[in-house]
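Before any comments, here is the structure.
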Amino acid sequence: MDKPRLIERGFPLKQASLDSVHEKNVRHGHISTLHIWPARRPLAACRAALIATLLPDPGDPEERRKLIERIGGRVVPKIEKKKVAGKPVEVEREETLGGILHWGRESSPDLQFFRDEIRKAYGGRAPRVLDPFAGGGAIPLEAMRLGCEVTAIDISPVAWFILKCTLEYPQKLAGQERPLPDFALRDREFMEAFLKAQGLKGAALRTQLERMGLGAEADEQNPHPRVTALAEDGKSRDACPLPQQNAGEGNEKGAATGSAGAPRQGTLAIGGDAGLFEADLAWHVRAWGRWVLSRARADLERFYPTIDGKPTVAYLWARTVKCKNCRATIPLLKTKWLCKKDNKRVLLKVEPAVSPTLAPSSPPRPLAGEDPSFHPRPLGGEDQGAALSGAQAEPKGEGVGVA
């Protein structure tokens with residue numbers, strides 16, 4: 001291609017920026033939920049950059065404007081009602097109308113138009129795209145969406161695995177259904193969601209759960225019996241078979257039976273539908289994700305104790321120094337605020353722990369806007385030189401009142 005590319009003459013910069021900001025708030029279905037990756041690129045910006053790079057500039061300003069609008073759409077104002085300081089106010093912001101960059105429009109008919117135009121620009125074949133520093137896979141994913149032949153490379157083994165799960169496995173396993181693992185068949189919450197997705201509801205759903213031994217009574221006794229069992233012994237799915245039935249009961253209870261009349265594992269279903277427990281890749285990811293989560297909870301529970309009825313959710317890492325006077329360990333923190341929102345403020349305070357070997361110390365000085373009478377109970381034992389404690393604060397006027 002000897003013509004200038006579209007990106008050299010024009011680009012839907014504002015539209016790509018608006019849709020990239022909106023994309024940061026998307027959780028369901030986005031590749032960012034697969035695994036945390038630093039500096040992940042927005043899909044909207046990558047899609048716009050790839051199209052503008054692969055397509056030639058039409059040469060005519062009016063045709064260029066139409067092509068850019070077809071990529072990014074038009075920017076239109078939108079009025080939203082929000083509460084500011086407890087009062088409803090109208091806030092005007094901008095959003096895109098049309099185009100293929102906004103989340104949810106990546107499957108619009110216009111995308112096929114760009115696929116055809118890209119192939120036409122390369123003599124009827126799909127161009128090859130190489131990303132030698134693929135990272136989280138946003139650029140190669142969008143190149144594949146545009147019909148390109150993609151090669152993604154990254155030296156990090158974490159990035160390599162993310163790329164395999166993002167680019168390769170979905171293509172290889174698309175449209176395939178495989179039997180769910182047995183530990184998933186023993187998880188009532190998972191199976192209820194799965195069967196609802198298959199169209200079962202009401203009495204039919206309850207009947208199927210009871211036939212699987214996942215009735216309401218079993219759920220109360222052990223909400224996740226199979227997930228817990230597999231997390232403890234780590235055995236394969238063959239070690240957790242479905243409950244066996246007598247040969248004469250198979251047809252009465254709607255179980256798919258083998259040649260000897262015994263039910264095959266993973267095929268128990270209403271009306272003998274052996275494919276009821278076969279699921280696509282998405283459901284297998286959900287099932288194994290729950291298994292990993294159950295093992296992680298069991299292994300890490302001791303590191304996140306429940307204190308005063310509230311679970312520990314995170315740790316603060318900080319370098320420390322020792323006080324030259326009292327020899328207390330002082331954390332070096334940039335800020336003591338854990339949360340500083342209009343309706344919720346949480347302040348972290350450092351206080352010297354009471355120790356018979358240390359001389360009494362004066363109470364800590366309050367921060368700017370802090371209530372001097374507030375002294376939270378320090379956490380930790382007496383042998384600690386200093387302790388951290390958090391307390392919620394309520395705003396008072398212009399300053400901050402800690403309660």
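Chains: A, B, ... in order of the structure tokens. Residues: from 1 per chain. Ligands: from 1, in order shown.
All residues of protein, DNA or RNA that reach within 6 Å of range 167-181 of chain A, judged by only C-alpha atoms and not counting those fewer than 6 positions away in the chain, are Arg237, Phe277, Glu278, Ala279 and Asp280 of chain A.
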Could the residues in this selection be saved with all heavy atoms as a PDB file, in the first residue's frame?
ATOM      1  N   ARG A 237     -11.899 -35.168  38.702  1.00  0.00           N
ATOM      2  CA  ARG A 237     -13.348 -35.242  38.687  1.00  0.00           C
ATOM      3  C   ARG A 237     -13.841 -36.683  38.779  1.00  0.00           C
ATOM      4  O   ARG A 237     -14.959 -36.933  39.200  1.00  0.00           O
ATOM      5  CB  ARG A 237     -13.897 -34.599  37.418  1.00  0.00           C
ATOM      6  CG  ARG A 237     -13.464 -35.284  36.139  1.00  0.00           C
ATOM      7  CD  ARG A 237     -13.952 -34.504  34.933  1.00  0.00           C
ATOM      8  NE  ARG A 237     -15.381 -34.398  34.914  1.00  0.00           N
ATOM      9  CZ  ARG A 237     -16.179 -35.310  34.372  1.00  0.00           C
ATOM     10  NH1 ARG A 237     -15.661 -36.386  33.839  1.00  0.00           N
ATOM     11  NH2 ARG A 237     -17.481 -35.145  34.376  1.00  0.00           N
ATOM     12  N   PHE A 277     -26.223 -31.359  30.750  1.00  0.00           N
ATOM     13  CA  PHE A 277     -25.073 -30.970  31.559  1.00  0.00           C
ATOM     14  C   PHE A 277     -23.833 -30.715  30.723  1.00  0.00           C
ATOM     15  O   PHE A 277     -22.738 -30.669  31.249  1.00  0.00           O
ATOM     16  CB  PHE A 277     -24.780 -32.037  32.609  1.00  0.00           C
ATOM     17  CG  PHE A 277     -25.877 -32.184  33.620  1.00  0.00           C
ATOM     18  CD1 PHE A 277     -26.217 -33.425  34.112  1.00  0.00           C
ATOM     19  CD2 PHE A 277     -26.578 -31.073  34.056  1.00  0.00           C
ATOM     20  CE1 PHE A 277     -27.238 -33.554  35.044  1.00  0.00           C
ATOM     21  CE2 PHE A 277     -27.594 -31.193  34.977  1.00  0.00           C
ATOM     22  CZ  PHE A 277     -27.935 -32.436  35.470  1.00  0.00           C
ATOM     23  N   GLU A 278     -23.977 -30.583  29.425  1.00  0.00           N
ATOM     24  CA  GLU A 278     -22.878 -30.175  28.572  1.00  0.00           C
ATOM     25  C   GLU A 278     -22.908 -28.663  28.421  1.00  0.00           C
ATOM     26  O   GLU A 278     -23.958 -28.082  28.158  1.00  0.00           O
ATOM     27  CB  GLU A 278     -22.970 -30.865  27.205  1.00  0.00           C
ATOM     28  CG  GLU A 278     -22.723 -32.367  27.270  1.00  0.00           C
ATOM     29  CD  GLU A 278     -22.712 -33.000  25.905  1.00  0.00           C
ATOM     30  OE1 GLU A 278     -23.044 -32.289  24.929  1.00  0.00           O
ATOM     31  OE2 GLU A 278     -22.383 -34.191  25.807  1.00  0.00           O
ATOM     32  N   ALA A 279     -21.760 -28.036  28.600  1.00  0.00           N
ATOM     33  CA  ALA A 279     -21.718 -26.576  28.631  1.00  0.00           C
ATOM     34  C   ALA A 279     -20.595 -26.068  27.747  1.00  0.00           C
ATOM     35  O   ALA A 279     -19.630 -26.786  27.446  1.00  0.00           O
ATOM     36  CB  ALA A 279     -21.516 -26.087  30.074  1.00  0.00           C
ATOM     37  N   ASP A 280     -20.722 -24.805  27.345  1.00  0.00           N
ATOM     38  CA  ASP A 280     -19.697 -24.191  26.518  1.00  0.00           C
ATOM     39  C   ASP A 280     -18.550 -23.678  27.386  1.00  0.00           C
ATOM     40  O   ASP A 280     -18.530 -23.862  28.606  1.00  0.00           O
ATOM     41  CB  ASP A 280     -20.295 -23.048  25.679  1.00  0.00           C
ATOM     42  CG  ASP A 280     -20.961 -21.980  26.530  1.00  0.00           C
ATOM     43  OD1 ASP A 280     -20.734 -21.966  27.765  1.00  0.00           O
ATOM     44  OD2 ASP A 280     -21.696 -21.146  25.981  1.00  0.00           O
TER      45      ASP A 280
END
Per residue of range 78-157 of chain A within 12 Å of range 1-11 of chain A, note the shortest atom pair and the distance in Å to one decimal, counting only C-alpha atoms, and order the rows by chain and increasing residue number, as JSON lines.
{"residue": "A:Ile118", "atom": "CA", "partner": "A:Met1", "partner_atom": "CA", "distance": 11.3}
{"residue": "A:Arg119", "atom": "CA", "partner": "A:Met1", "partner_atom": "CA", "distance": 11.9}
{"residue": "A:Lys120", "atom": "CA", "partner": "A:Met1", "partner_atom": "CA", "distance": 11.1}
{"residue": "A:Ala121", "atom": "CA", "partner": "A:Met1", "partner_atom": "CA", "distance": 7.5}
{"residue": "A:Tyr122", "atom": "CA", "partner": "A:Met1", "partner_atom": "CA", "distance": 7.3}
{"residue": "A:Gly123", "atom": "CA", "partner": "A:Met1", "partner_atom": "CA", "distance": 9.5}
{"residue": "A:Pro127", "atom": "CA", "partner": "A:Met1", "partner_atom": "CA", "distance": 11.1}
(message) Please determine, counting only C-alpha atoms, which residue among A:Lys78, A:Ala184, A:Asp308, A:Trp337 has the shortest atom-to-atom distance to His284 in chain A.
(response) A:Ala184
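A straight line drawn from CA of Ala152 in chain A to CA of Ala134 in chain A is 5.5 Å long.
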(request) Quick one: everything within 12 Å of Leu146 in chain A, counting only C-alpha atoms, minus sequence neighbours fewer than 2 positions away in the same chain. Send it as a PyMOL selection string. (result) chain A and resi 46-52+54-55+100+106-107+110-119+126-129+139-144+148-150
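Shortest atom-to-atom contact with Leu200 in chain A among A:Gly309, A:Lys340, A:Leu276, A:Leu348: A:Leu276, counting only C-alpha atoms.
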